[in-house]
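Below is coords05.txt, holding compact mmCIF, N, CA and C atoms.
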```
# COMPACT_ATOMS: atom_id res chain seq x y z
N MET A 92 51.49 13.44 -21.07
CA MET A 92 50.22 13.32 -20.37
C MET A 92 50.27 14.25 -19.16
N LEU A 93 49.27 15.12 -19.05
CA LEU A 93 49.20 16.07 -17.94
C LEU A 93 48.13 15.60 -16.96
N LYS A 94 48.55 15.41 -15.71
CA LYS A 94 47.61 14.99 -14.67
C LYS A 94 47.00 16.23 -13.99
N HIS A 95 45.83 16.07 -13.40
CA HIS A 95 45.19 17.17 -12.69
C HIS A 95 46.00 17.61 -11.47
N SER A 96 46.89 16.76 -10.99
CA SER A 96 47.74 17.11 -9.84
C SER A 96 48.83 18.09 -10.24
N GLY A 97 48.99 18.31 -11.57
CA GLY A 97 50.02 19.21 -12.07
C GLY A 97 51.22 18.46 -12.62
N GLU A 98 51.31 17.17 -12.35
CA GLU A 98 52.43 16.34 -12.80
C GLU A 98 52.30 16.07 -14.31
N THR A 99 53.44 16.14 -15.02
CA THR A 99 53.49 15.80 -16.44
C THR A 99 54.26 14.50 -16.59
N LEU A 100 53.70 13.55 -17.33
CA LEU A 100 54.36 12.28 -17.58
C LEU A 100 54.75 12.21 -19.06
N GLU A 101 56.04 11.99 -19.32
CA GLU A 101 56.52 11.81 -20.70
C GLU A 101 56.41 10.31 -20.99
N VAL A 102 55.34 9.92 -21.64
CA VAL A 102 55.05 8.50 -21.86
C VAL A 102 54.52 8.27 -23.27
N LYS A 103 54.48 7.00 -23.66
CA LYS A 103 53.87 6.62 -24.94
C LYS A 103 52.48 6.06 -24.63
N ILE A 104 51.46 6.67 -25.20
CA ILE A 104 50.08 6.23 -24.98
C ILE A 104 49.83 4.97 -25.82
N ILE A 105 49.34 3.93 -25.17
CA ILE A 105 49.03 2.67 -25.85
C ILE A 105 47.55 2.65 -26.24
N LYS A 106 46.69 3.00 -25.27
CA LYS A 106 45.25 2.91 -25.52
C LYS A 106 44.51 3.86 -24.59
N VAL A 107 43.54 4.58 -25.15
CA VAL A 107 42.64 5.40 -24.35
C VAL A 107 41.31 4.66 -24.34
N GLY A 108 41.00 4.04 -23.19
CA GLY A 108 39.77 3.26 -23.06
C GLY A 108 38.63 4.11 -22.52
N GLU A 109 37.54 3.44 -22.16
CA GLU A 109 36.37 4.16 -21.66
C GLU A 109 36.62 4.82 -20.31
N THR A 110 37.33 4.12 -19.41
CA THR A 110 37.56 4.67 -18.07
C THR A 110 39.03 4.76 -17.70
N THR A 111 39.92 4.14 -18.49
CA THR A 111 41.35 4.13 -18.17
C THR A 111 42.19 4.42 -19.41
N ILE A 112 43.47 4.72 -19.15
CA ILE A 112 44.44 4.96 -20.21
C ILE A 112 45.63 4.04 -19.96
N SER A 113 46.07 3.33 -20.98
CA SER A 113 47.25 2.47 -20.88
C SER A 113 48.42 3.19 -21.53
N TYR A 114 49.59 3.10 -20.89
CA TYR A 114 50.77 3.80 -21.41
C TYR A 114 52.05 3.07 -20.99
N LYS A 115 53.17 3.46 -21.62
CA LYS A 115 54.49 2.91 -21.29
C LYS A 115 55.47 4.06 -21.13
N TYR A 116 56.41 3.89 -20.19
CA TYR A 116 57.50 4.86 -20.05
C TYR A 116 58.54 4.57 -21.12
N PRO A 117 59.26 5.59 -21.60
CA PRO A 117 60.29 5.38 -22.63
C PRO A 117 61.32 4.34 -22.18
N GLY A 118 61.65 3.40 -23.07
CA GLY A 118 62.65 2.39 -22.78
C GLY A 118 62.17 1.26 -21.89
N GLU A 119 60.87 1.21 -21.59
CA GLU A 119 60.31 0.14 -20.76
C GLU A 119 59.23 -0.60 -21.53
N ASP A 120 59.07 -1.89 -21.20
CA ASP A 120 58.04 -2.69 -21.84
C ASP A 120 56.80 -2.85 -20.97
N ALA A 121 56.92 -2.55 -19.68
CA ALA A 121 55.79 -2.73 -18.76
C ALA A 121 54.70 -1.70 -19.05
N GLU A 122 53.49 -2.20 -19.25
CA GLU A 122 52.36 -1.33 -19.53
C GLU A 122 51.76 -0.84 -18.21
N GLN A 123 51.50 0.46 -18.11
CA GLN A 123 50.92 1.08 -16.92
C GLN A 123 49.49 1.49 -17.24
N THR A 124 48.69 1.67 -16.19
CA THR A 124 47.30 2.09 -16.36
C THR A 124 47.01 3.23 -15.40
N ILE A 125 46.20 4.17 -15.85
CA ILE A 125 45.77 5.28 -15.01
C ILE A 125 44.29 5.55 -15.31
N GLY A 126 43.52 5.93 -14.29
CA GLY A 126 42.12 6.27 -14.49
C GLY A 126 41.99 7.63 -15.17
N LYS A 127 40.98 7.78 -16.02
CA LYS A 127 40.80 9.02 -16.76
C LYS A 127 40.53 10.22 -15.85
N PHE A 128 39.93 10.00 -14.66
CA PHE A 128 39.64 11.11 -13.76
C PHE A 128 40.91 11.82 -13.30
N ALA A 129 42.06 11.12 -13.30
CA ALA A 129 43.33 11.70 -12.85
C ALA A 129 44.03 12.51 -13.94
N VAL A 130 43.58 12.35 -15.20
CA VAL A 130 44.29 12.94 -16.34
C VAL A 130 43.52 14.14 -16.92
N ALA A 131 44.22 15.26 -17.06
CA ALA A 131 43.63 16.46 -17.66
C ALA A 131 43.66 16.36 -19.18
N SER A 132 44.87 16.07 -19.73
CA SER A 132 45.00 16.04 -21.18
C SER A 132 46.19 15.21 -21.62
N ILE A 133 46.19 14.88 -22.91
CA ILE A 133 47.29 14.17 -23.54
C ILE A 133 47.69 15.00 -24.76
N THR A 134 48.99 15.23 -24.90
CA THR A 134 49.50 15.87 -26.11
C THR A 134 50.33 14.81 -26.82
N TYR A 135 49.91 14.47 -28.04
CA TYR A 135 50.58 13.41 -28.79
C TYR A 135 51.84 13.96 -29.46
N GLY A 136 52.94 13.22 -29.27
CA GLY A 136 54.27 13.64 -29.69
C GLY A 136 54.45 14.12 -31.11
N ILE A 137 54.33 13.25 -32.09
CA ILE A 137 54.67 13.60 -33.47
C ILE A 137 53.68 14.62 -34.05
N SER A 138 52.39 14.40 -33.86
CA SER A 138 51.40 15.31 -34.44
C SER A 138 51.19 16.58 -33.62
N GLY A 139 51.45 16.48 -32.29
CA GLY A 139 51.23 17.64 -31.42
C GLY A 139 49.76 17.85 -31.08
N ARG A 140 48.91 16.92 -31.50
CA ARG A 140 47.47 17.03 -31.22
C ARG A 140 47.24 16.90 -29.71
N LYS A 141 46.40 17.79 -29.19
CA LYS A 141 46.08 17.76 -27.76
C LYS A 141 44.66 17.28 -27.56
N GLU A 142 44.50 16.30 -26.66
CA GLU A 142 43.18 15.73 -26.38
C GLU A 142 42.85 15.96 -24.90
N THR A 143 41.72 16.60 -24.64
CA THR A 143 41.26 16.79 -23.26
C THR A 143 40.63 15.48 -22.80
N ILE A 144 41.05 15.01 -21.63
CA ILE A 144 40.56 13.73 -21.13
C ILE A 144 39.44 13.93 -20.11
N SER A 145 39.66 14.77 -19.11
CA SER A 145 38.62 15.04 -18.12
C SER A 145 38.77 16.44 -17.55
N GLU A 146 37.65 16.99 -17.12
CA GLU A 146 37.66 18.30 -16.49
C GLU A 146 38.00 18.12 -15.02
N LYS A 147 38.75 19.06 -14.47
CA LYS A 147 39.09 19.00 -13.05
C LYS A 147 37.88 19.41 -12.23
N ILE A 148 37.58 18.64 -11.21
CA ILE A 148 36.47 18.95 -10.32
C ILE A 148 37.04 19.67 -9.10
N VAL A 149 36.57 20.89 -8.87
CA VAL A 149 37.06 21.68 -7.74
C VAL A 149 35.99 21.69 -6.66
N VAL A 150 36.34 21.14 -5.50
CA VAL A 150 35.43 21.07 -4.37
C VAL A 150 36.02 21.94 -3.26
N SER A 151 35.30 23.00 -2.89
CA SER A 151 35.82 23.96 -1.91
C SER A 151 35.23 23.80 -0.51
N GLY A 152 34.29 22.89 -0.34
CA GLY A 152 33.68 22.71 0.98
C GLY A 152 32.37 21.95 0.85
N LYS A 153 31.71 21.78 1.98
CA LYS A 153 30.49 20.98 2.07
C LYS A 153 29.42 21.41 1.06
N ASP A 154 29.34 22.72 0.77
CA ASP A 154 28.32 23.22 -0.15
C ASP A 154 28.53 22.74 -1.59
N ASP A 155 29.72 22.23 -1.91
CA ASP A 155 30.01 21.72 -3.25
C ASP A 155 29.72 20.22 -3.38
N TRP A 156 28.92 19.67 -2.47
CA TRP A 156 28.68 18.22 -2.44
C TRP A 156 28.13 17.69 -3.76
N GLU A 157 27.38 18.50 -4.51
CA GLU A 157 26.78 18.02 -5.76
C GLU A 157 27.83 17.77 -6.85
N LYS A 158 29.03 18.35 -6.70
CA LYS A 158 30.10 18.16 -7.68
C LYS A 158 30.82 16.82 -7.49
N VAL A 159 30.69 16.21 -6.32
CA VAL A 159 31.42 14.98 -5.99
C VAL A 159 30.94 13.83 -6.88
N GLU A 160 31.90 13.13 -7.51
CA GLU A 160 31.63 11.98 -8.38
C GLU A 160 31.73 10.69 -7.58
N VAL A 161 30.76 9.81 -7.77
CA VAL A 161 30.80 8.49 -7.14
C VAL A 161 31.36 7.51 -8.15
N ILE A 162 32.43 6.82 -7.75
CA ILE A 162 33.10 5.82 -8.59
C ILE A 162 32.74 4.44 -8.05
N THR A 163 32.39 3.52 -8.92
CA THR A 163 32.06 2.17 -8.47
C THR A 163 33.11 1.15 -8.89
N ASN A 164 34.00 1.53 -9.79
CA ASN A 164 35.03 0.62 -10.27
C ASN A 164 36.40 1.14 -9.80
N ALA A 165 37.14 0.32 -9.06
CA ALA A 165 38.42 0.74 -8.49
C ALA A 165 39.42 1.20 -9.55
N SER A 166 39.35 0.68 -10.76
CA SER A 166 40.30 1.07 -11.81
C SER A 166 40.15 2.56 -12.17
N GLU A 167 38.97 3.13 -11.95
CA GLU A 167 38.76 4.54 -12.25
C GLU A 167 39.51 5.46 -11.28
N ALA A 168 39.90 4.92 -10.12
CA ALA A 168 40.59 5.72 -9.10
C ALA A 168 42.11 5.63 -9.22
N ILE A 169 42.63 4.82 -10.15
CA ILE A 169 44.08 4.69 -10.32
C ILE A 169 44.67 6.05 -10.71
N GLY A 170 45.68 6.47 -9.96
CA GLY A 170 46.31 7.75 -10.23
C GLY A 170 45.81 8.87 -9.34
N LEU A 171 44.71 8.61 -8.62
CA LEU A 171 44.20 9.57 -7.65
C LEU A 171 44.78 9.23 -6.28
N LYS A 172 44.77 10.19 -5.35
CA LYS A 172 45.31 9.96 -4.01
C LYS A 172 44.21 9.45 -3.09
N LYS A 173 44.47 8.27 -2.51
CA LYS A 173 43.51 7.64 -1.61
C LYS A 173 43.46 8.39 -0.29
N GLY A 174 42.24 8.65 0.17
CA GLY A 174 42.06 9.35 1.44
C GLY A 174 41.40 8.46 2.47
N GLU A 175 40.62 9.07 3.34
CA GLU A 175 40.01 8.34 4.44
C GLU A 175 38.68 7.70 4.05
N GLU A 176 38.25 6.74 4.89
CA GLU A 176 36.94 6.13 4.67
C GLU A 176 35.89 7.11 5.16
N ILE A 177 34.82 7.25 4.40
CA ILE A 177 33.72 8.13 4.78
C ILE A 177 32.41 7.36 4.68
N LYS A 178 31.37 7.86 5.36
CA LYS A 178 30.07 7.20 5.23
C LYS A 178 28.94 8.20 5.31
N GLY A 179 27.82 7.78 4.78
CA GLY A 179 26.61 8.58 4.83
C GLY A 179 25.47 7.65 5.17
N LYS A 180 24.65 8.04 6.14
CA LYS A 180 23.51 7.18 6.47
C LYS A 180 22.32 8.03 6.86
N THR A 181 21.15 7.40 6.77
CA THR A 181 19.93 8.07 7.19
C THR A 181 19.71 7.73 8.65
N SER A 182 18.80 8.46 9.28
CA SER A 182 18.55 8.25 10.71
C SER A 182 18.03 6.86 11.01
N GLY A 183 18.15 6.47 12.24
CA GLY A 183 17.83 5.11 12.68
C GLY A 183 16.37 4.79 12.88
N MET A 184 16.03 4.29 14.04
CA MET A 184 14.77 3.64 14.37
C MET A 184 13.49 4.27 13.80
N PHE A 185 13.16 5.48 14.20
CA PHE A 185 11.89 6.04 13.77
C PHE A 185 12.13 7.05 12.65
N SER A 186 11.89 6.60 11.45
CA SER A 186 12.17 7.41 10.29
C SER A 186 10.96 7.36 9.37
N TYR A 187 10.66 8.46 8.76
CA TYR A 187 9.53 8.50 7.84
C TYR A 187 10.01 8.48 6.40
N ASN A 188 11.15 7.84 6.18
CA ASN A 188 11.72 7.76 4.84
C ASN A 188 11.09 6.63 4.06
N THR A 189 10.93 6.84 2.78
CA THR A 189 10.63 5.72 1.89
C THR A 189 12.00 5.14 1.52
N ALA A 190 12.03 3.98 0.93
CA ALA A 190 13.31 3.39 0.54
C ALA A 190 14.08 4.33 -0.38
N GLY A 191 13.38 4.96 -1.34
CA GLY A 191 14.03 5.86 -2.29
C GLY A 191 14.57 7.11 -1.63
N SER A 192 13.81 7.71 -0.71
CA SER A 192 14.28 8.93 -0.07
C SER A 192 15.43 8.64 0.89
N ALA A 193 15.40 7.48 1.54
CA ALA A 193 16.51 7.09 2.43
C ALA A 193 17.80 6.97 1.64
N ASP A 194 17.72 6.37 0.45
CA ASP A 194 18.89 6.20 -0.40
C ASP A 194 19.42 7.56 -0.85
N LYS A 195 18.53 8.47 -1.23
CA LYS A 195 18.95 9.82 -1.67
C LYS A 195 19.61 10.59 -0.54
N LYS A 196 19.04 10.48 0.67
CA LYS A 196 19.61 11.19 1.82
C LYS A 196 20.99 10.65 2.16
N ALA A 197 21.16 9.33 2.12
CA ALA A 197 22.46 8.72 2.41
C ALA A 197 23.48 9.13 1.35
N ALA A 198 23.06 9.18 0.08
CA ALA A 198 23.95 9.59 -1.01
C ALA A 198 24.39 11.04 -0.80
N LYS A 199 23.46 11.90 -0.42
CA LYS A 199 23.79 13.31 -0.17
C LYS A 199 24.77 13.42 0.99
N ARG A 200 24.54 12.66 2.05
CA ARG A 200 25.40 12.76 3.24
C ARG A 200 26.82 12.29 2.96
N ILE A 201 26.98 11.22 2.18
CA ILE A 201 28.34 10.74 1.90
C ILE A 201 29.05 11.73 0.97
N LYS A 202 28.32 12.34 0.04
CA LYS A 202 28.92 13.35 -0.84
C LYS A 202 29.31 14.60 -0.04
N GLU A 203 28.48 14.98 0.94
CA GLU A 203 28.79 16.12 1.80
C GLU A 203 30.05 15.84 2.62
N ALA A 204 30.18 14.61 3.11
CA ALA A 204 31.37 14.23 3.90
C ALA A 204 32.63 14.33 3.04
N ALA A 205 32.54 13.90 1.78
CA ALA A 205 33.69 13.98 0.87
C ALA A 205 34.02 15.44 0.57
N ALA A 206 32.99 16.24 0.27
CA ALA A 206 33.20 17.65 -0.06
C ALA A 206 33.82 18.41 1.11
N GLU A 207 33.42 18.05 2.32
CA GLU A 207 33.94 18.72 3.51
C GLU A 207 35.45 18.56 3.66
N ILE A 208 35.98 17.42 3.18
CA ILE A 208 37.44 17.21 3.26
C ILE A 208 38.13 17.52 1.93
N GLY A 209 37.38 18.10 0.99
CA GLY A 209 37.95 18.53 -0.28
C GLY A 209 38.18 17.42 -1.29
N ALA A 210 37.48 16.30 -1.13
CA ALA A 210 37.66 15.15 -2.03
C ALA A 210 36.59 15.17 -3.13
N PRO A 211 37.00 15.26 -4.39
CA PRO A 211 36.02 15.28 -5.48
C PRO A 211 35.51 13.90 -5.90
N PHE A 212 36.06 12.83 -5.31
CA PHE A 212 35.65 11.48 -5.69
C PHE A 212 35.42 10.59 -4.48
N ILE A 213 34.48 9.64 -4.63
CA ILE A 213 34.24 8.60 -3.62
C ILE A 213 34.22 7.28 -4.36
N LEU A 214 35.06 6.34 -3.91
CA LEU A 214 34.98 4.97 -4.42
C LEU A 214 34.05 4.24 -3.47
N MET A 215 32.86 3.89 -3.96
CA MET A 215 31.85 3.26 -3.11
C MET A 215 32.29 1.84 -2.74
N THR A 216 32.30 1.54 -1.45
CA THR A 216 32.71 0.21 -0.98
C THR A 216 31.53 -0.57 -0.40
N SER A 217 30.48 0.13 0.03
CA SER A 217 29.33 -0.55 0.61
C SER A 217 28.09 0.32 0.43
N ASP A 218 27.01 -0.31 0.02
CA ASP A 218 25.76 0.40 -0.20
C ASP A 218 24.62 -0.51 0.27
N LYS A 219 24.18 -0.27 1.52
CA LYS A 219 23.17 -1.15 2.10
C LYS A 219 21.89 -0.38 2.37
N SER A 220 20.78 -1.05 2.13
CA SER A 220 19.48 -0.49 2.48
C SER A 220 18.71 -1.55 3.24
N ASP A 221 17.95 -1.09 4.23
CA ASP A 221 17.16 -2.02 5.01
C ASP A 221 15.71 -1.74 4.67
N GLY A 222 15.01 -2.73 4.20
CA GLY A 222 13.63 -2.52 3.78
C GLY A 222 12.61 -3.13 4.69
N PHE A 223 12.97 -3.44 5.93
CA PHE A 223 12.04 -4.09 6.86
C PHE A 223 11.41 -3.07 7.80
N GLY A 224 10.44 -2.32 7.32
CA GLY A 224 9.75 -1.35 8.18
C GLY A 224 10.56 -0.09 8.40
N VAL A 225 11.75 -0.25 8.96
CA VAL A 225 12.62 0.91 9.19
C VAL A 225 13.36 1.17 7.88
N LYS A 226 13.16 2.31 7.33
CA LYS A 226 13.81 2.63 6.05
C LYS A 226 15.12 3.37 6.34
N GLN A 227 16.21 2.65 6.25
CA GLN A 227 17.52 3.23 6.51
C GLN A 227 18.48 2.81 5.42
N ALA A 228 19.34 3.73 5.01
CA ALA A 228 20.35 3.44 4.00
C ALA A 228 21.70 3.84 4.57
N ILE A 229 22.70 2.99 4.35
CA ILE A 229 24.06 3.27 4.81
C ILE A 229 24.98 3.10 3.61
N LYS A 230 25.75 4.13 3.32
CA LYS A 230 26.72 4.08 2.22
C LYS A 230 28.10 4.34 2.79
N LYS A 231 29.07 3.52 2.37
CA LYS A 231 30.46 3.71 2.80
C LYS A 231 31.33 3.78 1.56
N GLY A 232 32.39 4.57 1.67
CA GLY A 232 33.30 4.69 0.56
C GLY A 232 34.64 5.24 0.99
N ILE A 233 35.55 5.35 0.04
CA ILE A 233 36.87 5.91 0.30
C ILE A 233 36.98 7.19 -0.51
N ALA A 234 37.37 8.26 0.16
CA ALA A 234 37.52 9.56 -0.50
C ALA A 234 38.82 9.56 -1.31
N TYR A 235 38.77 10.15 -2.50
CA TYR A 235 39.94 10.29 -3.36
C TYR A 235 40.07 11.74 -3.81
N SER A 236 41.32 12.19 -3.94
CA SER A 236 41.59 13.55 -4.42
C SER A 236 42.72 13.49 -5.44
N TYR A 237 43.04 14.65 -6.02
CA TYR A 237 44.09 14.70 -7.05
C TYR A 237 45.49 14.63 -6.46
N LYS A 238 45.70 15.20 -5.27
CA LYS A 238 47.03 15.21 -4.66
C LYS A 238 46.98 14.60 -3.29
```
Starting from the file, give its structure as structure tokens.
Amino acid sequence: MLKHSGETLEVKIIKVGETTISYKYPGEDAEQTIGKFAVASITYGISGRKETISEKIVVSGKDDWEKVEVITNASEAIGLKKGEEIKGKTSGMFSYNTAGSADKKAAKRIKEAAAEIGAPFILMTSDKSDGFGVKQAIKKGIAYSYK
């Protein structure tokens, strides 16, 4: 199994699920799990068949914010390197945002914050919107990268 970080794991693949891969190290019975976002490919031993698991997302700066993936399930981040907490929010008191535009602006801002530190993933931890006259959205998450 080849990870996007460049690390190769000599393991036995048990199951390739929708968002995770289960595997075992040689001579061990303990089953391990890794998120598919961390894995580039799997080459199966006996047959030699190679399966591409996920494409590497390269984020070079704030302008690459649209490439940033938002993860909502913590299991998808297994195998990625946990970074700092980041947030994106729309302006406060006097805002001419509709609820939908406030949410889009907050999503863009949190993705820009992740891209600025070179993180291609955000595990969303909080997503709040206030719908009482003032249209404000606040999103919080944890940045994840390959290394």
Who sits within 6 Å of Leu171 in chain A, only C-alpha atoms, same chain under 4 positions skipped, as a list in words:
Ala129, Ser236 and Tyr237 of chain A
One number please: CA of Ala193 in chain A to atom N of Ala228 in chain A, in Å, one decimal.
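Separation of CA of Ala193 in chain A and atom N of Ala228 in chain A: 5.1 Å.
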Taking the chain letters and numbering used in this document, name the residues of range 95-221 of chain A that DSSP puts in alpha helix (DSSP H), as a list in words.
Ala190, Gly191, Ser192, Ala193, Asp194, Lys195, Lys196, Ala197, Ala198, Lys199, Arg200, Ile201, Lys202, Glu203, Ala204, Ala205, Ala206 and Glu207 of chain A
Quick check, in Å to one decimal: how far apart do atom N of Thr134 in chain A and atom C of Ile104 in chain A lie?
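Straight-line distance from atom N of Thr134 in chain A to atom C of Ile104 in chain A works out to 10.3 Å.
For the pair atom N of Glu146 in chain A and CA of Ala131 in chain A, the separation is 6.0 Å.
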List as a ChimeraX atom specification: which residues have an atom within 6 Å of (43.4, 3.5, -17.9), counting all atoms listed in the file?
/A:108,110-113,124-127
Enumerate, as a PyMOL selection string, the protein, DNA and RNA residues whose atoms approach (41.5, 15.0, -1.8) to within 7 Å, taking into account only N, CA and C atoms and the coordinate frame of the file.
chain A and resi 172+174+208-212+234-238
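The residue that comes closest to Lys231 in chain A, out of A:Lys180, A:Met92, A:Lys199, A:Gly97 and on the basis of only C-alpha atoms, is A:Lys180.
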Please provide as a list in words all residues within 9 Å of Thr163 in chain A, with the sequence filter that same-chain residues fewer than 5 positions apart are discarded (counting only C-alpha atoms).
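Close residues of Thr163 in chain A: Ile213, Leu214, Met215 and Thr216 of chain A.
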Add whatever atoms are absent from range 164-173 of chain A to reach all heavy atoms, and provide the output as a tab-separated table (two decimals), keeping the file's coordinate frame.
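After the write, out-v1.tsv holds the following:
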```tsv
chain	number	residue	atom	x	y	z
A	164	ASN	N	34.00	1.53	-9.79
A	164	ASN	CA	35.03	0.62	-10.27
A	164	ASN	C	36.40	1.14	-9.80
A	164	ASN	O	36.78	2.26	-10.12
A	164	ASN	CB	34.97	0.57	-11.80
A	164	ASN	CG	35.91	-0.43	-12.41
A	164	ASN	OD1	36.91	-0.81	-11.80
A	164	ASN	ND2	35.61	-0.85	-13.62
A	165	ALA	N	37.14	0.32	-9.06
A	165	ALA	CA	38.42	0.74	-8.49
A	165	ALA	C	39.42	1.20	-9.55
A	165	ALA	O	40.26	2.07	-9.27
A	165	ALA	CB	39.02	-0.39	-7.66
A	166	SER	N	39.35	0.68	-10.76
A	166	SER	CA	40.30	1.07	-11.81
A	166	SER	C	40.15	2.56	-12.17
A	166	SER	O	41.11	3.18	-12.61
A	166	SER	CB	40.14	0.21	-13.06
A	166	SER	OG	38.91	0.46	-13.70
A	167	GLU	N	38.97	3.13	-11.95
A	167	GLU	CA	38.76	4.54	-12.25
A	167	GLU	C	39.51	5.46	-11.28
A	167	GLU	O	39.74	6.62	-11.57
A	167	GLU	CB	37.27	4.88	-12.20
A	167	GLU	CG	36.47	4.21	-13.31
A	167	GLU	CD	34.99	4.50	-13.19
A	167	GLU	OE1	34.30	3.79	-12.43
A	167	GLU	OE2	34.54	5.44	-13.86
A	168	ALA	N	39.90	4.92	-10.12
A	168	ALA	CA	40.59	5.72	-9.10
A	168	ALA	C	42.11	5.63	-9.22
A	168	ALA	O	42.83	6.32	-8.49
A	168	ALA	CB	40.17	5.25	-7.70
A	169	ILE	N	42.63	4.82	-10.15
A	169	ILE	CA	44.08	4.69	-10.32
A	169	ILE	C	44.67	6.05	-10.71
A	169	ILE	O	44.18	6.70	-11.62
A	169	ILE	CB	44.45	3.64	-11.40
A	169	ILE	CG1	43.93	2.26	-11.01
A	169	ILE	CG2	45.96	3.59	-11.61
A	169	ILE	CD1	44.03	1.23	-12.12
A	170	GLY	N	45.68	6.47	-9.96
A	170	GLY	CA	46.31	7.75	-10.23
A	170	GLY	C	45.81	8.87	-9.34
A	170	GLY	O	46.39	9.94	-9.28
A	171	LEU	N	44.71	8.61	-8.62
A	171	LEU	CA	44.20	9.57	-7.65
A	171	LEU	C	44.78	9.23	-6.28
A	171	LEU	O	45.22	8.10	-6.05
A	171	LEU	CB	42.66	9.52	-7.59
A	171	LEU	CG	41.93	9.91	-8.88
A	171	LEU	CD1	40.45	9.59	-8.75
A	171	LEU	CD2	42.14	11.37	-9.19
A	172	LYS	N	44.77	10.19	-5.35
A	172	LYS	CA	45.31	9.96	-4.01
A	172	LYS	C	44.21	9.45	-3.09
A	172	LYS	O	43.16	10.07	-2.93
A	172	LYS	CB	45.88	11.26	-3.44
A	172	LYS	CG	46.54	11.07	-2.10
A	172	LYS	CD	47.21	12.34	-1.62
A	172	LYS	CE	47.92	12.11	-0.32
A	172	LYS	NZ	47.15	12.49	0.83
A	173	LYS	N	44.47	8.27	-2.51
A	173	LYS	CA	43.51	7.64	-1.61
A	173	LYS	C	43.46	8.39	-0.29
A	173	LYS	O	44.48	8.74	0.29
A	173	LYS	CB	43.93	6.18	-1.36
A	173	LYS	CG	42.94	5.37	-0.58
A	173	LYS	CD	43.42	3.93	-0.49
A	173	LYS	CE	42.40	3.07	0.23
A	173	LYS	NZ	42.84	1.66	0.26
```
